[in-house]
Amino acid sequence: MNEFVETLLEMKWHEPKSSYDVVIIGGGGHGLATAYYLATQHGITNVAVIEANYIGSGNSGRNTTIIRANYGIPESVRFYQHSLELYAGLEDETGCWIMHATKGLLWIAHTETGMRAERARAIINTACGAETHAVGPQEIKQICPQIDLTGNGRYPVLGASYHVGAATARHDRVVWAYAQGAMQRGVTVLQHTKVTGLIRDGERVVGVETDRGPISAGIVMSSVGGNVTKIAAHADVRLPVRTHALQAFVTNAYAPGFSGIISDSELSCYVSQTPRGQMLIGAEFEPQPSYSMQSTFNSLASCAKKITNCLPFLRDLRVLRQWTGICDVSADFSPIMGFTGVDGFVISTGWGTWGFKGIPAGGEQMAQLIATGKTPDLIAPFALDRFARDHAMADLGSAGTR
Amino acid sequence: MLALNTLRGIRVVAAPHVLDAATWPAHVTALRIAPDDIFAIEATEADAAGVASADSHSIIVDEHGFVGCWLDHQQLEHITRHIEWHAPLHRPALVQGYVAGVPAKIWLTDERSLLLCASPYAADLMERVS
Amino acid sequence: MLWLSCPNCGSRPIEEFGFGGELPTVPDRITDPKERDIDYVWMFDNLEGISIERWFHQAGCRRWHTVERNTITDSVEP
C-alpha cells in the first residue's frame with residue numbers, strides 16, 4: 001500500500017432509507033463536512049449525503065489544494081481564517097492524515113497599483129487575524145529562490161504580500177476524512193445517486209426525488225457545485241451564479257523542492273508543489289459560462305507562457321496531467337451560504353474557485369445553521385438575500401483567479 | 001524587416017447603405033472595417049462630402065491611429081504563417097483578426113497587400129512577426 | 001480551440017472576442033416590479049445547453065454580435 005494511493009477507510013455504505021432528518025445534495029467537501037459537524041457538534045446523525053458520482057469527484061477533487069485566508073474584505077478574512085485554523089486541527093480531530101502542511105503564500109505584484117492592493121491586503125488581513133506582511137523583492141528572493149525578479153524583463157516583481165499561515169492539504173483525503181468521520185457516527189452516504197427533483201409540499205421543500213426513489217427530509221441542503229442552478233430551480237430559487245470551467249495541471253517532479261505557494265493576480269496563475277514533488281499550477285477560469293469539462297491546449301499554453309516569466313525553472317518540466325472542473329462562480333465572487341427564502345431548503349454555493357479552503361468553516365457553520373435554525377454570525381454576511389439588500393460582498397481581487 | 005508607418009486618412013461612420021454607395025478617388029484605399037465604418041486612407045474630409053450630405057448622423061474625422069506597411073507576395077506569405085484563421089480567396093478583401101496574437105488587419109489585393117494595426121500594438125506586432 | 005463566427009469577419013478563435021453576457025431574462029412567475037429588477041440585475045439562467053449571448057469582436061471589426069452557443073459542448077450553432 002502506497003500512502004499516496006489509498007488508505008484503509010472505515011466506511012459502511014448503506015441502502016437509502018425513505019426518510020432522513022437532513023438530506024444533503026452533493027458529496028463533496030462542503031456537503032460531507034456539514035454532515036460531519038451535524039454529527040459531531042449537534043448529535044444529528046439521521047443524515048444522508050447524496051452524491052451523483054463518487055464522493056469528491058467534483059471540484060473537491062479538482063482544485064489546487066491551497067488553504068489561505070488572505071482575502072480583501074474583513075468578513076471573508078474572518079471566515080477563511082477560521083477555516084484555516086479548523087484545517088490545522090483536522091488531523092488531530094479526525095485521526096486522518098490529510099497531508100496538511102503550512103507553507104506560506106506570496107502574492108506577487110508587478111505594478112504600483114498591484115503593490116498598493118497587496119499592502120492593503122496585508123493590513124486588512126493582519127487586522128482580522130490572518131498574519132500577512134508586505135514584503136519587498138529581496139525578502140521574496142529569500143522565501144522563493146527560484147523566482148526571476150525581473151519577470152523575464154517583462155513582469156518585474158515589485159513586492160508581494162506574504163500570508164504566513166497559508167497551507168496545502170491533500171484534497172481527496174479531506175473529503176475522505178469528513179466522509180469517514182460522518183459515516184462512523186451513523187450518517188448515510190449514497191454514491192452514484194442522482195437527485196432529479198425536489199419534493200414540495202406547497203412552498204416548502206420536504207424531500208428529494210432521486211433515480212433510486214423519493215427520499216423525504218426535514219430539511220434539504222444543496223452543496224452542489226457547477227450544477228447548482230438546476231437543483232435550486234426545482235425549488236424556484238434563482239441564483240446569482242454562473243458555471244465556469246477552470247483548468248489546472250501538474251508537471252513531473254521537481255527534485256530541488258519548492259517550499260512555498262506563489263500567487264499572481266496579474267498573470268492569473270498560482271503555483272505550489274504537491275507532496276509527490278509535482279508542480280501544481282492553476283489558471284484563470286474561462287470568461288464565458290460553460291458546462292464542458294474539456295481541457296484545452298490554449299489554456300495550458302497561455303498559463304505556461306505567463307508563469308514561466310516569473311518561475312523560469314518550470315520551463316524544464318513536463319506537463320503530466322491537465323484537468324477541468326466546472327465551478328459555481330457567484331456574481332460578487334464571494335460564497336453564498338444560508339437560507340434561500342424557501343422553507344426546508346438551505347444552500348451552500350457560489351464557491352467558484354475558492355471552495356476548498358472554505359470546507360471546514362463552511363461545513364461547521366452550515367451544520368450550526370441547520371441544527372439551530374438560525375444563521376451564525378460568521379456567515380450572516382454571505383446570505384443569498386444580500387443581493388436584494390444591496391450588500392454584495394465584492395472581492396474579485398482576492399479570488400486568486402478571474 | 002518591416003517598417004510600420006502612420007497611415008493618414010479619414011474615419012467615416014455612417015449608415016451602411018450610404019457607405020455602400022460612397023465612391024472614393026483613385027488614390028484612396030477605403031477599408032470597410034464594419035458595415036457602418038470605413039477607414040479611407042489618404043482621403044480628406046472633402047472626399048466624404050457625399051456621405052455627409054446623404055447621412056446627417058454620419059461621423060467624419062481625421063484618422064491617424066493606424067500604422068501599416070505594404071507587403072509583396074513573399075512578405076505576405078511570411079505574415080500568413082502567423083494567422084490561425086482562414087482568409088477569403090477573393091480579391092480585394094479586408095481581413096481582420098489576430099496576427100501573431102495581435103489585433104491587426106490585412107488589405108489583400110492581387111498585386112500587393114497592406115498590413116495594418118492600431119499604433120499602440122505596433123511594437124508588439126513587429127516583435128512577433130520578425 | 002474554440003471558434004466563434006463574426007458576421008463581418010468570419011470564423012475566428014474565441015480569444016479574439018470579449019464575452020458580454022447572456023441576454024438577461026426574468027421568469028414570468030416573478031411579478032413584483034422590485035423583485036423583477038433584482039432578478040434582472042443579479043440572477044443568471046446559467047443555462048446548460050443553448051445560451052443566447054452577446055460577444056464583442058475586439059480583435060476585428062469591433063462590433064457586438066448575438067451568438068447562440070451550446071454551453072455543454074462549447075460549440076456554436078451556425
# chains A, B, ... in the order shown; residues from 1 in each chain; ligands from 1

call {"tool": "select_by_dssp", "arguments": {"residues": "region 5-127 of chain B", "states": "helix (DSSP H, G or I)", "output": "JSON, numbers by chain"}}
result
{"B": [16, 17, 18, 19, 20, 21, 45, 46, 47, 48, 49, 50, 51, 52, 53, 54, 73, 74, 75, 76, 77, 78, 79, 80, 119, 120, 121, 122, 123, 124, 125, 126, 127]}

call {"tool": "write_last_selection", "arguments": {"atoms": "N, CA and C atoms", "output": "tab-separated table (two decimals), in the first residue's frame"}}
result
chain	number	residue	atom	x	y	z
B	16	PRO	N	-24.96	51.95	-43.19
B	16	PRO	CA	-24.34	51.03	-44.14
B	16	PRO	C	-24.69	51.30	-45.59
B	17	HIS	N	-25.97	51.62	-45.89
B	17	HIS	CA	-26.32	51.80	-47.31
B	17	HIS	C	-25.66	53.04	-47.89
B	18	VAL	N	-25.41	54.03	-47.05
B	18	VAL	CA	-24.71	55.24	-47.52
B	18	VAL	C	-23.26	54.90	-47.84
B	19	LEU	N	-22.63	54.09	-46.99
B	19	LEU	CA	-21.25	53.70	-47.24
B	19	LEU	C	-21.16	52.79	-48.47
B	20	ASP	N	-22.20	51.95	-48.67
B	20	ASP	CA	-22.22	51.09	-49.86
B	20	ASP	C	-22.14	51.93	-51.13
B	21	ALA	N	-22.82	53.06	-51.11
B	21	ALA	CA	-22.94	53.88	-52.31
B	21	ALA	C	-21.78	54.87	-52.48
B	45	GLU	N	-11.51	65.09	-45.65
B	45	GLU	CA	-12.93	65.26	-45.36
B	45	GLU	C	-13.73	65.62	-46.61
B	46	ALA	N	-13.08	66.35	-47.53
B	46	ALA	CA	-13.78	66.76	-48.75
B	46	ALA	C	-14.21	65.54	-49.57
B	47	ASP	N	-13.40	64.46	-49.51
B	47	ASP	CA	-13.73	63.25	-50.26
B	47	ASP	C	-15.01	62.58	-49.75
B	48	ALA	N	-15.40	62.91	-48.50
B	48	ALA	CA	-16.57	62.27	-47.91
B	48	ALA	C	-17.77	63.20	-47.88
B	49	ALA	N	-17.72	64.25	-48.69
B	49	ALA	CA	-18.82	65.22	-48.68
B	49	ALA	C	-20.14	64.54	-49.05
B	50	GLY	N	-20.08	63.58	-49.97
B	50	GLY	CA	-21.29	62.87	-50.39
B	50	GLY	C	-21.91	62.11	-49.24
B	51	VAL	N	-21.06	61.46	-48.42
B	51	VAL	CA	-21.55	60.72	-47.26
B	51	VAL	C	-22.20	61.68	-46.27
B	52	ALA	N	-21.52	62.81	-46.05
B	52	ALA	CA	-22.04	63.77	-45.08
B	52	ALA	C	-23.41	64.29	-45.47
B	53	SER	N	-23.63	64.48	-46.77
B	53	SER	CA	-24.94	65.01	-47.17
B	53	SER	C	-26.00	63.91	-47.21
B	54	ALA	N	-25.59	62.66	-47.46
B	54	ALA	CA	-26.56	61.56	-47.52
B	54	ALA	C	-26.98	61.08	-46.12
B	73	HIS	N	4.33	39.65	-52.27
B	73	HIS	CA	3.80	38.30	-52.09
B	73	HIS	C	4.60	37.49	-51.07
B	74	GLN	N	5.92	37.68	-51.13
B	74	GLN	CA	6.78	36.90	-50.25
B	74	GLN	C	6.59	37.30	-48.79
B	75	GLN	N	6.50	38.64	-48.59
B	75	GLN	CA	6.28	39.12	-47.22
B	75	GLN	C	4.91	38.70	-46.70
B	76	LEU	N	3.91	38.72	-47.58
B	76	LEU	CA	2.56	38.29	-47.17
B	76	LEU	C	2.58	36.82	-46.76
B	77	GLU	N	3.29	36.03	-47.55
B	77	GLU	CA	3.43	34.60	-47.25
B	77	GLU	C	3.99	34.40	-45.84
B	78	HIS	N	4.97	35.22	-45.49
B	78	HIS	CA	5.58	35.16	-44.16
B	78	HIS	C	4.57	35.54	-43.07
B	79	ILE	N	3.84	36.62	-43.32
B	79	ILE	CA	2.85	37.08	-42.33
B	79	ILE	C	1.74	36.04	-42.15
B	80	THR	N	1.35	35.40	-43.25
B	80	THR	CA	0.25	34.44	-43.20
B	80	THR	C	0.55	33.28	-42.25
B	119	SER	N	-1.88	51.84	-33.68
B	119	SER	CA	-0.49	52.18	-33.39
B	119	SER	C	0.02	51.66	-32.03
B	120	PRO	N	-0.80	51.59	-30.97
B	120	PRO	CA	-0.25	51.07	-29.71
B	120	PRO	C	0.24	49.62	-29.83
B	121	TYR	N	-0.27	48.87	-30.81
B	121	TYR	CA	0.12	47.47	-30.95
B	121	TYR	C	1.33	47.30	-31.87
B	122	ALA	N	1.82	48.41	-32.45
B	122	ALA	CA	2.83	48.30	-33.49
B	122	ALA	C	4.08	47.55	-33.03
B	123	ALA	N	4.60	47.93	-31.85
B	123	ALA	CA	5.84	47.32	-31.39
B	123	ALA	C	5.65	45.82	-31.15
B	124	ASP	N	4.52	45.47	-30.54
B	124	ASP	CA	4.22	44.06	-30.26
B	124	ASP	C	4.15	43.25	-31.56
B	125	LEU	N	3.44	43.82	-32.54
B	125	LEU	CA	3.27	43.11	-33.82
B	125	LEU	C	4.62	42.91	-34.50
B	126	MET	N	5.43	43.95	-34.52
B	126	MET	CA	6.74	43.84	-35.17
B	126	MET	C	7.59	42.78	-34.49
B	127	GLU	N	7.59	42.83	-33.17
B	127	GLU	CA	8.40	41.88	-32.41
B	127	GLU	C	8.00	40.45	-32.72

call {"tool": "select_by_dssp", "arguments": {"residues": "region 1-76 of chain C", "states": "strand (DSSP E or B)", "output": "VMD selection string"}}
result
chain C and resid 3 to 6 10 to 13 17 to 22 50 to 57 64 to 70 76

call {"tool": "closest_atom_pairs", "arguments": {"of": "chain B", "to": "chain C", "cutoff": "7 Å", "atoms": "only C-alpha atoms", "output": "tab-separated table"}}
result
residue	atom	partner	partner_atom	distance
B:Ile33	CA	C:Cys61	CA	5.4
B:Ala34	CA	C:Cys61	CA	5.4
B:Trp85	CA	C:Arg12	CA	6.0
B:Val95	CA	C:Cys9	CA	6.6
B:Gln96	CA	C:Gly60	CA	4.7
B:Gly97	CA	C:Gly60	CA	4.7
B:Tyr98	CA	C:Ala59	CA	6.2
B:Pro103	CA	C:Ala59	CA	4.5

call {"tool": "write_last_selection", "arguments": {"atoms": "all heavy atoms", "output": "tab-separated table (two decimals), in the first residue's frame"}}
result
chain	number	residue	atom	x	y	z
B	33	ILE	N	-14.20	48.48	-42.38
B	33	ILE	CA	-13.91	47.79	-41.12
B	33	ILE	C	-15.15	47.09	-40.58
B	33	ILE	O	-15.08	46.00	-40.04
B	33	ILE	CB	-13.33	48.81	-40.10
B	33	ILE	CG1	-11.92	49.22	-40.57
B	33	ILE	CG2	-13.28	48.22	-38.70
B	33	ILE	CD1	-11.33	50.37	-39.81
B	34	ALA	N	-16.30	47.75	-40.72
B	34	ALA	CA	-17.57	47.17	-40.30
B	34	ALA	C	-18.63	47.75	-41.24
B	34	ALA	O	-18.35	48.69	-41.99
B	34	ALA	CB	-17.86	47.54	-38.85
B	85	TRP	N	-6.52	31.63	-38.66
B	85	TRP	CA	-7.84	31.52	-39.29
B	85	TRP	C	-7.69	31.56	-40.81
B	85	TRP	O	-6.61	31.84	-41.32
B	85	TRP	CB	-8.76	32.64	-38.81
B	85	TRP	CG	-8.06	33.92	-38.49
B	85	TRP	CD1	-7.52	34.28	-37.29
B	85	TRP	CD2	-7.78	35.00	-39.39
B	85	TRP	NE1	-6.94	35.53	-37.38
B	85	TRP	CE2	-7.08	35.99	-38.66
B	85	TRP	CE3	-8.07	35.24	-40.73
B	85	TRP	CZ2	-6.67	37.19	-39.23
B	85	TRP	CZ3	-7.65	36.44	-41.30
B	85	TRP	CH2	-6.96	37.39	-40.56
B	95	VAL	N	-9.21	41.57	-44.35
B	95	VAL	CA	-9.36	40.55	-43.29
B	95	VAL	C	-8.89	41.16	-41.98
B	95	VAL	O	-7.95	41.96	-41.95
B	95	VAL	CB	-8.57	39.26	-43.62
B	95	VAL	CG1	-9.14	38.61	-44.86
B	95	VAL	CG2	-7.09	39.54	-43.79
B	96	GLN	N	-9.57	40.78	-40.90
B	96	GLN	CA	-9.27	41.35	-39.59
B	96	GLN	C	-9.24	40.25	-38.55
B	96	GLN	O	-10.07	39.34	-38.58
B	96	GLN	CB	-10.35	42.36	-39.19
B	96	GLN	CG	-10.70	43.37	-40.26
B	96	GLN	CD	-11.77	44.35	-39.80
B	96	GLN	OE1	-11.48	45.27	-39.08
B	96	GLN	NE2	-13.00	44.13	-40.22
B	97	GLY	N	-8.32	40.36	-37.63
B	97	GLY	CA	-8.24	39.36	-36.56
B	97	GLY	C	-6.83	39.31	-36.02
B	97	GLY	O	-6.00	40.18	-36.33
B	98	TYR	N	-6.57	38.29	-35.19
B	98	TYR	CA	-5.23	38.17	-34.61
B	98	TYR	C	-4.20	37.79	-35.67
B	98	TYR	O	-4.38	36.82	-36.41
B	98	TYR	CB	-5.21	37.09	-33.54
B	98	TYR	CG	-5.63	37.54	-32.16
B	98	TYR	CD1	-6.07	36.61	-31.21
B	98	TYR	CD2	-5.56	38.88	-31.79
B	98	TYR	CE1	-6.43	37.02	-29.93
B	98	TYR	CE2	-5.93	39.28	-30.52
B	98	TYR	CZ	-6.37	38.36	-29.59
B	98	TYR	OH	-6.73	38.75	-28.35
B	103	PRO	N	-4.17	42.17	-32.52
B	103	PRO	CA	-5.27	42.58	-33.40
B	103	PRO	C	-4.72	43.36	-34.58
B	103	PRO	O	-4.05	44.37	-34.40
B	103	PRO	CB	-6.14	43.48	-32.51
B	103	PRO	CG	-5.75	43.14	-31.11
B	103	PRO	CD	-4.31	42.72	-31.16

call {"tool": "interface_residues", "arguments": {"of": "chain A", "to": "chain C", "cutoff": "12 Å", "atoms": "only C-alpha atoms", "output": "PyMOL selection string"}}
result
chain A and resi 226-233+236-245+286-302+326-332+384-392

call {"tool": "atom_distance", "arguments": {"atom1": "CA of Phe39 (chain B)", "atom2": "CA of His64 (chain B)"}}
result
9.9 Å

call {"tool": "residues_around", "arguments": {"residues": "Ala130 (chain A)", "least_positions_apart": "2", "cutoff": "9 Å", "atoms": "only C-alpha atoms", "output": "MDAnalysis selection string"}}
result
chainID A and resid 68:70 77:78 80:81 122 124:128 132 163:165

call {"tool": "atom_distance", "arguments": {"atom1": "CA of Gly101 (chain B)", "atom2": "CA of Val129 (chain B)"}}
result
10.0 Å

call {"tool": "atom_distance", "arguments": {"atom1": "CA of Glu15 (chain A)", "atom2": "CA of Ile50 (chain A)"}}
result
11.4 Å
